[in-house]
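Novice: My structure is below; once you've seen it, I'll send some questions.
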Amino acid sequence: MIDPSTIGEVVYSSDDIKKRVKELGRQISEEYAGKEIILVCILKGSYAFTADLAREIDVPCSIEFMQVSSYANSIESSGSLKIIKDINVPVDGKHIIIIEDIIDTGITLNNLKKMFLTRNPESIKLCAFLDKPSRRQAPIEADYVGYVVEDNFLVGYGLDYAQHFRNLPYIAILKEEYYKN
């Protein structure tokens with residue numbers, strides 16, 4: 001059971017999340033009308049967002065999963081990208097949307113975009129549920145963003161701290177005393 005004393009302010013409720021995901025799905029559907037897309041879900045954090053978003057997209061799409069790591073069990077990016085699981089299909093000539101839970105430093109997405117460009121897709125767009133531009137270290141911007149957030153450590157809706165809190169149906173601030181110990 002999650003100790004409620006570790007969770008601070010709820011930033012986005014379950015209803016807020018559903019509403020925004022529906023809007024993003026509509027936007028993507030309109031922009032890709034008549035086309036087929038590949039959604040590349042970056043595990044583990046974006047699994048919930050990707051599943052919800054896919055159900056709101058009404059153009060043909062497939063979902064691929066990729067697992068990368070740049071944080072381990074830390075709250076700071078290591079600056080390096082480790083590919084744990086790559087996608088299983090070629091993207092040559094395809095429209096792909098890389099889906100992330102949050103853009104923080106931007107290092108992960110910047111490296112992923114560069115890697116995918118070498119695979120010759122027709123187009124690459126980036127989608128992040130949360131964007132934290134105040135922490136950006138790499139020159140990257142998402143094409144689709146759920147919410148721009150302040151520099152707080154957020155958990156829930158796929159976001160974690162040391163693999164905990166992903167299952168929360170909302171996004172909340174993790175109390176500093178919890179992750180500073």
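Letters A, B, ... mark the chains of the structure tokens in the order given; residue numbers begin at 1 per chain; ligand numbers begin at 1, in order shown.
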Please identify every residue of segment 127-171 of chain A that has at least one atom no farther than 12 Å from an atom of segment 53-58 of chain A, counting only C-alpha atoms, and for each give the shortest atom pair and the distance in Å to one decimal, arranged by chain then increasing number, as a tab-separated table.

Specialist:
```
residue	atom	partner	partner_atom	distance
A:Cys127	CA	A:Leu53	CA	10.2
A:Ala128	CA	A:Leu53	CA	10.9
A:Phe129	CA	A:Leu53	CA	9.8
A:Tyr144	CA	A:Leu53	CA	11.5
A:Val145	CA	A:Leu53	CA	12.0
A:Gly146	CA	A:Leu53	CA	10.7
```

Novice: Using DSSP on the backbone coordinates, identify all residues within segment 31-145 of chain A classified as alpha helix (DSSP H); present the result as a list in words.

Specialist: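 For segment 31-145 of chain A, the alpha helix (DSSP H) set is Glu31, Tyr47, Ala48, Phe49, Thr50, Ala51, Asp52, Leu53, Ala54, Arg55, Glu56, Ile107, Thr108, Leu109, Asn110, Asn111, Leu112, Lys113, Lys114, Met115, Phe116 and Leu117 of chain A.
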
Novice: Using only C-alpha atoms, please write the residues we just selected to a file, as a PDB file, in the first residue's frame.

Specialist:
```pdb
ATOM      1  CA  GLU A  31      -2.911  15.716 -38.295  1.00  0.00           C
ATOM      2  CA  TYR A  47       2.880   2.844 -20.690  1.00  0.00           C
ATOM      3  CA  ALA A  48      -0.298   4.297 -19.136  1.00  0.00           C
ATOM      4  CA  PHE A  49      -0.244   7.420 -21.308  1.00  0.00           C
ATOM      5  CA  THR A  50       0.409   5.416 -24.485  1.00  0.00           C
ATOM      6  CA  ALA A  51      -2.455   3.004 -23.792  1.00  0.00           C
ATOM      7  CA  ASP A  52      -4.898   5.821 -23.074  1.00  0.00           C
ATOM      8  CA  LEU A  53      -3.696   7.894 -26.033  1.00  0.00           C
ATOM      9  CA  ALA A  54      -3.924   4.981 -28.486  1.00  0.00           C
ATOM     10  CA  ARG A  55      -7.588   4.515 -27.552  1.00  0.00           C
ATOM     11  CA  GLU A  56      -8.233   8.180 -28.444  1.00  0.00           C
ATOM     12  CA  ILE A 107      18.751  14.094 -23.154  1.00  0.00           C
ATOM     13  CA  THR A 108      16.785  10.863 -23.583  1.00  0.00           C
ATOM     14  CA  LEU A 109      14.471  12.163 -26.297  1.00  0.00           C
ATOM     15  CA  ASN A 110      17.252  14.024 -28.073  1.00  0.00           C
ATOM     16  CA  ASN A 111      19.315  10.822 -28.290  1.00  0.00           C
ATOM     17  CA  LEU A 112      16.302   8.746 -29.306  1.00  0.00           C
ATOM     18  CA  LYS A 113      15.319  11.151 -32.064  1.00  0.00           C
ATOM     19  CA  LYS A 114      18.872  11.125 -33.456  1.00  0.00           C
ATOM     20  CA  MET A 115      18.872   7.323 -33.393  1.00  0.00           C
ATOM     21  CA  PHE A 116      15.509   7.067 -35.165  1.00  0.00           C
ATOM     22  CA  LEU A 117      16.575   9.569 -37.832  1.00  0.00           C
TER      23      LEU A 117
END
```

Novice: Could you tell me, as a PyMOL selection string, which residues of chain A DSSP assigns to strand (DSSP E or B) when given the backbone?

Specialist: chain A and resi 7-12+37-43+61-69+82-85+95-103+123-131+144-148+154-156+159+161+164+171-174

Novice: Residues of the last selection are to be written out with C-alpha atoms, as a PDB file, in the first residue's frame.

Specialist:
```pdb
ATOM      1  CA  ILE A   7       2.451  12.311  -1.592  1.00  0.00           C
ATOM      2  CA  GLY A   8       2.113  16.062  -1.681  1.00  0.00           C
ATOM      3  CA  GLU A   9      -0.204  18.162  -3.819  1.00  0.00           C
ATOM      4  CA  VAL A  10      -2.144  16.449  -6.604  1.00  0.00           C
ATOM      5  CA  VAL A  11      -1.185  18.423  -9.709  1.00  0.00           C
ATOM      6  CA  TYR A  12      -3.467  16.667 -12.251  1.00  0.00           C
ATOM      7  CA  ILE A  37       1.385   5.794 -37.632  1.00  0.00           C
ATOM      8  CA  ILE A  38       3.622   3.836 -35.311  1.00  0.00           C
ATOM      9  CA  LEU A  39       3.442   4.850 -31.665  1.00  0.00           C
ATOM     10  CA  VAL A  40       6.748   4.131 -29.930  1.00  0.00           C
ATOM     11  CA  CYS A  41       6.037   3.770 -26.222  1.00  0.00           C
ATOM     12  CA  ILE A  42       9.090   4.475 -24.086  1.00  0.00           C
ATOM     13  CA  LEU A  43       8.907   2.084 -21.158  1.00  0.00           C
ATOM     14  CA  CYS A  61      -1.761   2.890 -35.648  1.00  0.00           C
ATOM     15  CA  SER A  62       0.455   0.201 -34.253  1.00  0.00           C
ATOM     16  CA  ILE A  63       2.301   0.291 -30.961  1.00  0.00           C
ATOM     17  CA  GLU A  64       5.926  -0.626 -30.435  1.00  0.00           C
ATOM     18  CA  PHE A  65       7.748  -0.699 -27.118  1.00  0.00           C
ATOM     19  CA  MET A  66      11.217   0.522 -26.348  1.00  0.00           C
ATOM     20  CA  GLN A  67      12.923   0.556 -22.983  1.00  0.00           C
ATOM     21  CA  VAL A  68      15.750   2.941 -22.270  1.00  0.00           C
ATOM     22  CA  SER A  69      17.353   4.132 -19.085  1.00  0.00           C
ATOM     23  CA  LYS A  82      21.167   2.790 -22.322  1.00  0.00           C
ATOM     24  CA  ILE A  83      18.869   0.888 -24.704  1.00  0.00           C
ATOM     25  CA  ILE A  84      17.445  -2.062 -22.820  1.00  0.00           C
ATOM     26  CA  LYS A  85      14.812  -3.081 -25.411  1.00  0.00           C
ATOM     27  CA  HIS A  95       5.379   7.984 -39.625  1.00  0.00           C
ATOM     28  CA  ILE A  96       6.436   7.520 -36.010  1.00  0.00           C
ATOM     29  CA  ILE A  97       5.498   9.275 -32.805  1.00  0.00           C
ATOM     30  CA  ILE A  98       7.824   8.693 -29.863  1.00  0.00           C
ATOM     31  CA  ILE A  99       5.796   8.817 -26.650  1.00  0.00           C
ATOM     32  CA  GLU A 100       7.346   9.805 -23.321  1.00  0.00           C
ATOM     33  CA  ASP A 101       5.867  10.365 -19.895  1.00  0.00           C
ATOM     34  CA  ILE A 102       7.924  13.497 -19.194  1.00  0.00           C
ATOM     35  CA  ILE A 103      10.624  15.573 -20.832  1.00  0.00           C
ATOM     36  CA  SER A 123       8.450  11.561 -40.195  1.00  0.00           C
ATOM     37  CA  ILE A 124       9.230  11.661 -36.483  1.00  0.00           C
ATOM     38  CA  LYS A 125       7.180  13.542 -33.937  1.00  0.00           C
ATOM     39  CA  LEU A 126       7.574  13.619 -30.179  1.00  0.00           C
ATOM     40  CA  CYS A 127       4.744  13.400 -27.688  1.00  0.00           C
ATOM     41  CA  ALA A 128       5.152  13.867 -23.947  1.00  0.00           C
ATOM     42  CA  PHE A 129       2.436  13.996 -21.358  1.00  0.00           C
ATOM     43  CA  LEU A 130       4.497  16.375 -19.229  1.00  0.00           C
ATOM     44  CA  ASP A 131       7.182  18.872 -20.201  1.00  0.00           C
ATOM     45  CA  TYR A 144       2.487  17.246 -28.630  1.00  0.00           C
ATOM     46  CA  VAL A 145       2.483  18.096 -24.916  1.00  0.00           C
ATOM     47  CA  GLY A 146      -0.118  17.310 -22.306  1.00  0.00           C
ATOM     48  CA  TYR A 147       1.004  19.863 -19.733  1.00  0.00           C
ATOM     49  CA  VAL A 148       4.005  22.098 -19.078  1.00  0.00           C
ATOM     50  CA  LEU A 154       6.216  14.188  -9.938  1.00  0.00           C
ATOM     51  CA  VAL A 155       4.843  10.672  -9.568  1.00  0.00           C
ATOM     52  CA  GLY A 156       1.771   8.800 -10.748  1.00  0.00           C
ATOM     53  CA  LEU A 159       5.864   8.369 -13.397  1.00  0.00           C
ATOM     54  CA  TYR A 161      10.478   7.106  -7.999  1.00  0.00           C
ATOM     55  CA  HIS A 164       7.149   3.036  -7.029  1.00  0.00           C
ATOM     56  CA  ILE A 171      -0.081  13.011 -10.946  1.00  0.00           C
ATOM     57  CA  ALA A 172       1.216  14.414  -7.670  1.00  0.00           C
ATOM     58  CA  ILE A 173       4.301  15.974  -6.175  1.00  0.00           C
ATOM     59  CA  LEU A 174       6.447  13.523  -4.244  1.00  0.00           C
TER      60      LEU A 174
END
```

Novice: From the options A:Ser46, A:Ser29, A:Asn88, A:Thr105, which residue's atoms come nearest to Asp160 of chain A, counting only C-alpha atoms?

Specialist: A:Ser46

Novice: With only C-alpha atoms as the counted atoms, please give the residues lying no more than 8 Å from Val59 of chain A, apart from itself and same-chain residues fewer than 3 positions off, as a ChimeraX atom specification.

Specialist: /A:29,32-37

Novice: For Gln163 of chain A, which residue out of A:Lys44, A:Asp151, A:Ser134, A:Ala142 is the nearest one, using only C-alpha atoms?

Specialist: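 Going through A:Lys44, A:Asp151, A:Ser134, A:Ala142 one by one, the smallest distance to Gln163 of chain A is for A:Lys44.
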